[in-house]
file structure.txt (compact mmCIF, C-alpha atoms)
# COMPACT_ATOMS: atom_id res chain seq x y z
CA TYR Y 279 16.10 -8.37 18.55
CA LYS Y 280 19.18 -10.65 18.39
CA ASN Y 281 17.71 -14.12 17.72
CA THR Y 282 14.08 -13.29 18.53
CA ILE Y 283 11.06 -11.55 17.07
CA ILE Y 284 9.35 -9.56 19.83
CA VAL Y 285 5.60 -9.06 19.43
CA LYS Y 286 3.02 -7.27 21.58
CA LEU Y 287 -0.26 -9.11 22.04
CA GLY Y 288 -1.79 -7.71 25.21
CA GLY Y 289 -3.85 -9.80 27.59
CA PRO Y 290 -3.23 -12.04 30.61
CA ASN Y 291 0.34 -13.33 30.89
CA HIS Y 292 1.21 -12.70 27.25
CA ALA Y 293 1.17 -8.93 26.81
CA ILE Y 294 4.55 -9.24 25.10
CA ILE Y 295 6.09 -12.39 23.62
CA ALA Y 296 9.21 -13.52 21.77
CA LEU Y 297 9.21 -15.93 18.84
CA SER Y 298 11.97 -17.84 17.09
CA PRO Y 299 12.49 -16.53 13.55
CA LYS Y 300 13.47 -20.06 12.44
CA ASP Y 301 10.20 -21.85 13.15
CA GLY Y 302 7.89 -19.40 14.94
CA SER Y 303 8.09 -21.28 18.23
CA LEU Y 304 7.34 -19.40 21.45
CA LEU Y 305 10.48 -18.52 23.44
CA TRP Y 306 8.91 -16.47 26.24
CA GLN Y 307 5.71 -14.65 27.15
CA LYS Y 308 5.26 -12.14 29.97
CA HIS Y 309 2.94 -9.64 31.69
CA SER Y 310 -0.75 -8.74 31.54
CA PHE Y 311 -0.96 -5.21 30.14
CA GLY Y 312 -3.73 -4.21 27.75
CA ASN Y 313 -2.43 -3.85 24.21
CA ALA Y 314 -1.83 -0.63 22.29
CA PRO Y 315 -0.55 -0.06 18.74
CA ALA Y 316 2.72 1.70 19.72
CA THR Y 317 5.82 0.07 18.24
CA PRO Y 318 8.50 -0.97 20.76
CA VAL Y 319 11.95 0.65 20.63
CA VAL Y 320 15.22 -0.64 22.06
CA ALA Y 321 17.85 1.69 23.54
CA SER Y 322 21.11 1.09 25.37
CA MET Y 323 21.17 2.43 28.93
CA GLY Y 324 24.44 2.03 30.83
CA GLY Y 325 25.43 -1.01 28.80
CA GLN Y 326 22.01 -2.64 29.25
CA ASP Y 327 19.55 -2.86 26.37
CA VAL Y 328 16.07 -1.76 27.39
CA LEU Y 329 12.90 -2.21 25.34
CA PHE Y 330 10.48 0.69 25.82
CA THR Y 331 6.88 0.40 24.69
CA GLN Y 332 3.46 1.82 25.43
CA PHE Y 333 0.61 -0.45 26.44
CA ALA Y 334 -3.02 0.64 26.84
CA GLY Y 335 -2.38 2.68 29.98
CA ASP Y 336 1.32 2.40 30.73
CA LEU Y 337 4.80 2.98 29.44
CA ALA Y 338 6.82 -0.18 30.16
CA ALA Y 339 10.56 -0.85 30.22
CA VAL Y 340 11.31 -4.50 29.53
CA ASN Y 341 14.45 -6.62 29.29
CA PRO Y 342 14.44 -7.66 25.59
CA ASN Y 343 16.50 -10.76 26.39
CA ASN Y 344 13.87 -12.46 28.56
CA GLY Y 345 10.83 -10.17 28.84
CA ASP Y 346 11.35 -9.31 32.52
CA LEU Y 347 9.83 -5.99 33.56
CA PHE Y 348 12.24 -3.30 34.74
CA TRP Y 349 9.43 -0.83 35.54
CA SER Y 350 6.18 0.68 34.29
CA HIS Y 351 4.76 4.19 34.50
CA PRO Y 352 1.13 5.24 33.94
CA HIS Y 353 0.31 7.00 30.68
CA LYS Y 354 -3.43 6.80 30.20
CA THR Y 355 -5.42 7.90 27.19
CA ASP Y 356 -8.98 7.48 25.95
CA TYR Y 357 -9.68 3.99 24.54
CA GLY Y 358 -6.15 2.86 25.43
CA LEU Y 359 -4.92 4.24 22.10
CA ASN Y 360 -1.24 4.87 22.74
CA ILE Y 361 -0.06 4.77 19.13
CA ALA Y 362 3.14 6.81 18.75
CA PRO Y 363 6.36 5.00 19.73
CA PRO Y 364 8.19 6.33 22.80
CA LEU Y 365 11.12 8.65 22.08
CA VAL Y 366 14.56 8.34 23.66
CA VAL Y 367 16.03 11.81 24.13
CA ARG Y 368 19.68 12.49 24.88
CA GLY Y 369 20.37 12.48 28.60
CA ASN Y 370 18.35 9.36 29.56
CA ILE Y 371 14.99 11.04 29.00
CA ILE Y 372 11.97 9.20 27.59
CA VAL Y 373 9.12 11.20 26.05
CA VAL Y 374 5.74 9.58 25.42
CA THR Y 375 2.96 11.35 23.58
CA SER Y 376 -0.60 10.41 22.61
CA ALA Y 377 -3.78 11.92 21.27
CA TYR Y 378 -7.20 11.12 22.79
CA SER Y 379 -6.56 13.19 25.97
CA GLY Y 380 -3.20 11.52 26.57
CA GLY Y 381 -0.90 14.48 25.98
CA ALA Y 382 2.82 14.11 26.56
CA ARG Y 383 5.15 13.51 29.47
CA GLY Y 384 8.90 13.36 29.96
CA LEU Y 385 10.57 10.85 32.28
CA GLN Y 386 14.12 11.08 33.59
CA LEU Y 387 15.83 7.71 33.96
CA SER Y 388 18.94 6.62 35.78
CA ALA Y 389 22.07 5.82 33.77
CA THR Y 390 20.96 2.18 33.58
CA GLY Y 391 17.43 3.04 32.45
CA SER Y 392 15.77 2.34 35.81
CA SER Y 393 14.06 4.48 38.47
CA PRO Y 394 11.94 6.81 36.31
CA SER Y 395 10.92 10.18 37.69
CA GLU Y 396 8.42 12.41 35.89
CA LEU Y 397 9.89 15.71 34.75
CA TRP Y 398 6.85 17.25 33.07
CA LYS Y 399 3.43 16.60 31.58
CA HIS Y 400 1.14 18.70 29.37
CA ASN Y 401 -1.35 18.53 26.50
CA ARG Y 402 0.56 20.73 24.04
CA LEU Y 403 2.08 17.73 22.22
CA ARG Y 404 -0.51 15.15 21.14
CA VAL Y 405 0.90 12.88 18.45
CA HIS Y 406 -2.03 10.94 17.01
CA PHE Y 407 -0.82 8.08 14.80
CA THR Y 408 2.17 9.59 13.00
CA THR Y 409 5.87 9.18 13.73
CA ALA Y 410 7.70 11.72 15.85
CA LEU Y 411 11.47 12.19 16.14
CA ALA Y 412 13.95 12.90 18.91
CA ILE Y 413 16.87 14.92 17.52
CA GLY Y 414 19.44 16.01 20.06
CA ASP Y 415 17.66 17.46 23.08
CA PHE Y 416 14.37 18.10 21.27
CA VAL Y 417 11.29 16.22 20.11
CA TYR Y 418 9.42 16.98 16.86
CA GLY Y 419 5.97 15.78 15.85
CA SER Y 420 2.57 16.79 14.47
CA SER Y 421 0.40 17.69 17.44
CA GLY Y 422 -3.33 17.24 17.11
CA ASP Y 423 -6.25 14.83 17.03
CA PHE Y 424 -8.95 15.55 14.44
CA GLY Y 425 -8.37 19.26 13.84
CA PRO Y 426 -5.25 21.27 12.99
CA SER Y 427 -2.01 19.43 13.74
CA PRO Y 428 0.88 21.89 13.67
CA LEU Y 429 4.42 20.54 13.54
CA THR Y 430 5.68 21.10 17.08
CA CYS Y 431 9.12 21.28 18.68
CA VAL Y 432 9.35 20.47 22.41
CA GLU Y 433 12.41 20.49 24.65
CA GLY Y 434 12.80 16.95 26.01
CA LYS Y 435 14.04 17.88 29.48
CA THR Y 436 11.51 20.60 30.29
CA GLY Y 437 8.53 20.02 27.99
CA ARG Y 438 8.81 23.63 26.84
CA VAL Y 439 7.12 24.21 23.48
CA VAL Y 440 9.80 25.92 21.41
CA TRP Y 441 7.80 26.49 18.22
CA GLN Y 442 4.81 25.36 16.18
CA ASP Y 443 4.50 25.53 12.39
CA ARG Y 444 1.40 25.04 10.24
CA SER Y 445 3.16 24.68 6.87
CA PHE Y 446 2.13 21.03 6.56
CA ALA Y 447 -0.85 18.87 7.46
CA LYS Y 448 -0.42 16.03 9.97
CA ALA Y 449 2.85 14.38 8.94
CA ASN Y 450 5.01 11.30 9.29
CA LEU Y 451 8.72 11.97 9.78
CA ILE Y 452 11.76 9.78 9.07
CA ARG Y 453 15.46 10.56 9.45
CA ALA Y 454 17.68 10.88 6.39
CA GLY Y 455 21.18 11.73 7.60
CA ASP Y 456 21.06 15.21 9.09
CA LYS Y 457 17.77 15.95 7.34
CA VAL Y 458 14.20 14.69 7.69
CA ILE Y 459 11.81 13.32 5.08
CA LEU Y 460 8.26 14.48 5.76
CA LEU Y 461 5.08 13.10 4.22
CA ASP Y 462 1.87 14.78 5.32
CA GLU Y 463 -1.60 13.28 5.12
CA ASP Y 464 -2.48 15.49 2.14
CA GLY Y 465 0.24 13.74 0.13
CA THR Y 466 2.88 16.48 0.28
CA LEU Y 467 6.42 15.08 0.41
CA ALA Y 468 9.25 17.30 1.62
CA LEU Y 469 12.91 17.25 2.57
CA VAL Y 470 13.37 19.46 5.62
CA THR Y 471 15.70 20.34 8.46
CA LEU Y 472 14.26 20.40 11.98
CA SER Y 473 16.06 22.37 14.68
CA PRO Y 474 15.15 24.48 17.74
CA GLU Y 475 15.42 27.49 15.43
CA GLY Y 476 12.51 26.28 13.32
CA LEU Y 477 11.46 24.34 10.22
CA ARG Y 478 13.55 24.76 7.07
CA VAL Y 479 12.11 23.32 3.84
CA HIS Y 480 14.70 22.35 1.20
CA SER Y 481 12.29 20.91 -1.38
CA LYS Y 482 8.75 19.59 -1.65
CA MET Y 483 6.36 18.02 -4.13
CA GLU Y 484 2.87 16.57 -4.31
CA ALA Y 485 3.64 12.85 -4.14
CA VAL Y 486 0.26 11.22 -3.49
CA ALA Y 487 -2.89 12.34 -5.28
CA LEU Y 488 -5.34 11.02 -2.68
CA ASN Y 489 -5.85 12.38 0.80
CA ASN Y 490 -5.17 10.33 3.95
CA ALA Y 491 -1.57 9.45 3.09
CA TRP Y 492 -1.01 7.86 6.49
CA THR Y 493 1.73 5.29 5.85
CA PRO Y 494 5.27 6.50 6.62
CA PRO Y 495 7.61 6.41 3.63
CA THR Y 496 10.50 3.94 3.57
CA LEU Y 497 14.06 5.00 2.74
CA ALA Y 498 16.37 2.29 1.35
CA GLY Y 499 19.75 3.75 0.41
CA THR Y 500 18.87 6.63 -1.89
CA ALA Y 501 15.49 5.18 -2.94
CA LEU Y 502 12.34 6.41 -1.23
CA TYR Y 503 9.21 4.26 -1.37
call {"tool": "encode", "arguments": {"input": "structure.txt", "output": "structure tokens"}}
result
Amino acid sequence: YKNTIIVKLGGPNHAIIALSPKDGSLLWQKHSFGNAPATPVVASMGGQDVLFTQFAGDLAAVNPNNGDLFWSHPHKTDYGLNIAPPLVVRGNIIVVTSAYSGGARGLQLSATGSSPSELWKHNRLRVHFTTALAIGDFVYGSSGDFGPSPLTCVEGKTGRVVWQDRSFAKANLIRAGDKVILLDEDGTLALVTLSPEGLRVHSKMEAVALNNAWTPPTLAGTALY
């Protein structure tokens, strides 16, 4: 972020830190949350950049310039395993989702990203370790722990489950223009469109011979790795 590398460590007084990319020196360290694997995301709220990230039992909103805490909101799950990144939905809504009994919840924020109020919570969307996407007013992700994980569409503002589709195994999703590249854990790669009307598959192939294809693909220009 700007001239820093922001890293989550967890633990007393250094739950999140910033390093200089030039020499690795410590620029700031803040807070005492327990760590969780979820990747931080930065979004602009009313002209203010806000870093959103999940710790072991909380969603936190942090000033990425200095690490100061804007607010935190409980989101507890078994073992502290909040893995999926938080999703910023149009209309200042943040959706967090976890497996391990965590479920999902939607928070409404003020125009500046402060003062969260909980809109909804349920266990119908449980994103384990894969990526989910916020597209328009809706959230899409594979919902499930260690059994079936249907691709699920949820309305960000209400939490309403719009549809579920079992065409693919548990899948990572990345944006590619107005389409989505999907790689499921069985190694099936697909180009799809996700909308409230459902899943539309444009093409697919068996890309990885082994099971447990868990790493999201990387798109660089027109090359997919």
call {"tool": "residues_around", "arguments": {"input": "structure.txt", "residues": "range 287-298 of chain Y", "least_positions_apart": "3", "cutoff": "12 Å", "atoms": "only C-alpha atoms", "output": "PyMOL selection string"}}
result
chain Y and resi 279-284+301-318+329-336+338-347+358
call {"tool": "residues_around", "arguments": {"input": "structure.txt", "residues": "range 450-467 of chain Y", "least_positions_apart": "3", "cutoff": "7 Å", "atoms": "all atoms listed in the file", "output": "list in words"}}
result
Thr408, Thr409, Ala410, Leu411, Phe446, Ala447, Val470, Thr471, Lys482, Met483, Glu484, Ala485, Val486, Ala487, Leu488, Asn489, Asn490, Ala491, Trp492 and Pro494 of chain Y
call {"tool": "residues_around", "arguments": {"input": "structure.txt", "residues": "His353 in chain Y", "least_positions_apart": "5", "cutoff": "12 Å", "atoms": "all atoms listed in the file", "output": "JSON, numbers by chain"}}
result
{"Y": [314, 331, 332, 333, 334, 335, 336, 337, 338, 358, 359, 360, 361, 364, 373, 374, 375, 376, 377, 378, 379, 380, 381, 382, 383, 384, 385, 396, 399, 400]}
call {"tool": "residues_near_point", "arguments": {"input": "structure.txt", "point": "(5.6, 25.3, 15.1)", "cutoff": "9 Å", "atoms": "only C-alpha atoms", "output": "PyMOL selection string"}}
result
chain Y and resi 428-431+439-445+476-477
call {"tool": "atom_distance", "arguments": {"input": "structure.txt", "atom1": "CA of Arg438 in chain Y", "atom2": "CA of Val367 in chain Y"}}
result
14.1 Å
call {"tool": "atom_distance", "arguments": {"input": "structure.txt", "atom1": "CA of Asn401 in chain Y", "atom2": "CA of Pro426 in chain Y"}}
result
14.3 Å
call {"tool": "decode", "arguments": {"input": "structure.txt", "residues": "range 408-427 of chain Y", "atoms": "N, CA, C and O atoms", "output": "CSV table (one decimal), in the first residue's frame"}}
result
chain,number,residue,atom,x,y,z
Y,408,THR,N,-11.3,-20.9,-0.2
Y,408,THR,CA,-11.3,-20.4,-1.6
Y,408,THR,C,-11.6,-18.9,-1.6
Y,408,THR,O,-12.0,-18.3,-0.7
Y,409,THR,N,-11.4,-18.4,-2.8
Y,409,THR,CA,-11.8,-17.0,-3.0
Y,409,THR,C,-13.3,-16.8,-3.4
Y,409,THR,O,-13.8,-17.7,-4.0
Y,410,ALA,N,-13.9,-15.8,-2.9
Y,410,ALA,CA,-15.2,-15.4,-3.2
Y,410,ALA,C,-15.2,-14.1,-3.9
Y,410,ALA,O,-14.2,-13.4,-3.9
Y,411,LEU,N,-16.3,-13.7,-4.6
Y,411,LEU,CA,-16.3,-12.4,-5.3
Y,411,LEU,C,-17.6,-11.7,-5.0
Y,411,LEU,O,-18.6,-12.2,-4.8
Y,412,ALA,N,-17.4,-10.3,-4.9
Y,412,ALA,CA,-18.6,-9.4,-4.9
Y,412,ALA,C,-18.7,-8.8,-6.3
Y,412,ALA,O,-17.8,-8.1,-6.7
Y,413,ILE,N,-19.8,-9.0,-6.9
Y,413,ILE,CA,-20.1,-8.5,-8.2
Y,413,ILE,C,-21.4,-7.7,-8.1
Y,413,ILE,O,-22.5,-8.3,-7.9
Y,414,GLY,N,-21.4,-6.4,-8.3
Y,414,GLY,CA,-22.6,-5.6,-8.1
Y,414,GLY,C,-23.1,-5.7,-6.7
Y,414,GLY,O,-22.4,-5.5,-5.7
Y,415,ASP,N,-24.4,-6.1,-6.5
Y,415,ASP,CA,-25.0,-6.2,-5.2
Y,415,ASP,C,-24.9,-7.6,-4.6
Y,415,ASP,O,-25.6,-7.8,-3.6
Y,416,PHE,N,-24.2,-8.5,-5.3
Y,416,PHE,CA,-24.3,-9.9,-4.9
Y,416,PHE,C,-22.9,-10.5,-4.6
Y,416,PHE,O,-21.9,-10.0,-5.1
Y,417,VAL,N,-22.9,-11.5,-3.8
Y,417,VAL,CA,-21.6,-12.2,-3.4
Y,417,VAL,C,-21.7,-13.7,-3.9
Y,417,VAL,O,-22.8,-14.3,-3.9
Y,418,TYR,N,-20.6,-14.2,-4.5
Y,418,TYR,CA,-20.6,-15.5,-5.1
Y,418,TYR,C,-19.4,-16.3,-4.4
Y,418,TYR,O,-18.3,-15.8,-4.4
Y,419,GLY,N,-19.6,-17.5,-4.0
Y,419,GLY,CA,-18.6,-18.3,-3.5
Y,419,GLY,C,-19.0,-19.8,-3.3
Y,419,GLY,O,-20.2,-20.0,-3.2
Y,420,SER,N,-18.1,-20.7,-3.2
Y,420,SER,CA,-18.4,-22.1,-2.9
Y,420,SER,C,-18.6,-22.2,-1.4
Y,420,SER,O,-17.8,-21.9,-0.6
Y,421,SER,N,-19.8,-22.7,-1.0
Y,421,SER,CA,-20.2,-22.8,0.4
Y,421,SER,C,-20.1,-24.2,0.9
Y,421,SER,O,-20.9,-25.1,0.4
Y,422,GLY,N,-19.2,-24.4,1.8
Y,422,GLY,CA,-19.1,-25.8,2.4
Y,422,GLY,C,-17.8,-26.0,3.1
Y,422,GLY,O,-16.8,-25.3,2.8
Y,423,ASP,N,-17.8,-26.9,4.0
Y,423,ASP,CA,-16.6,-27.3,4.8
Y,423,ASP,C,-15.9,-28.5,4.1
Y,423,ASP,O,-15.0,-28.4,3.3
Y,424,PHE,N,-16.3,-29.7,4.6
Y,424,PHE,CA,-15.6,-30.9,4.1
Y,424,PHE,C,-16.6,-31.8,3.4
Y,424,PHE,O,-16.2,-32.9,3.0
Y,425,GLY,N,-17.8,-31.3,3.1
Y,425,GLY,CA,-18.7,-32.1,2.2
Y,425,GLY,C,-19.0,-31.3,0.9
Y,425,GLY,O,-18.1,-30.6,0.4
Y,426,PRO,N,-20.2,-31.5,0.4
Y,426,PRO,CA,-20.5,-30.7,-0.8
Y,426,PRO,C,-20.4,-29.2,-0.6
Y,426,PRO,O,-20.6,-28.7,0.5
Y,427,SER,N,-19.9,-28.5,-1.7
Y,427,SER,CA,-19.7,-27.1,-1.6
Y,427,SER,C,-20.3,-26.4,-2.8
Y,427,SER,O,-19.6,-26.0,-3.7
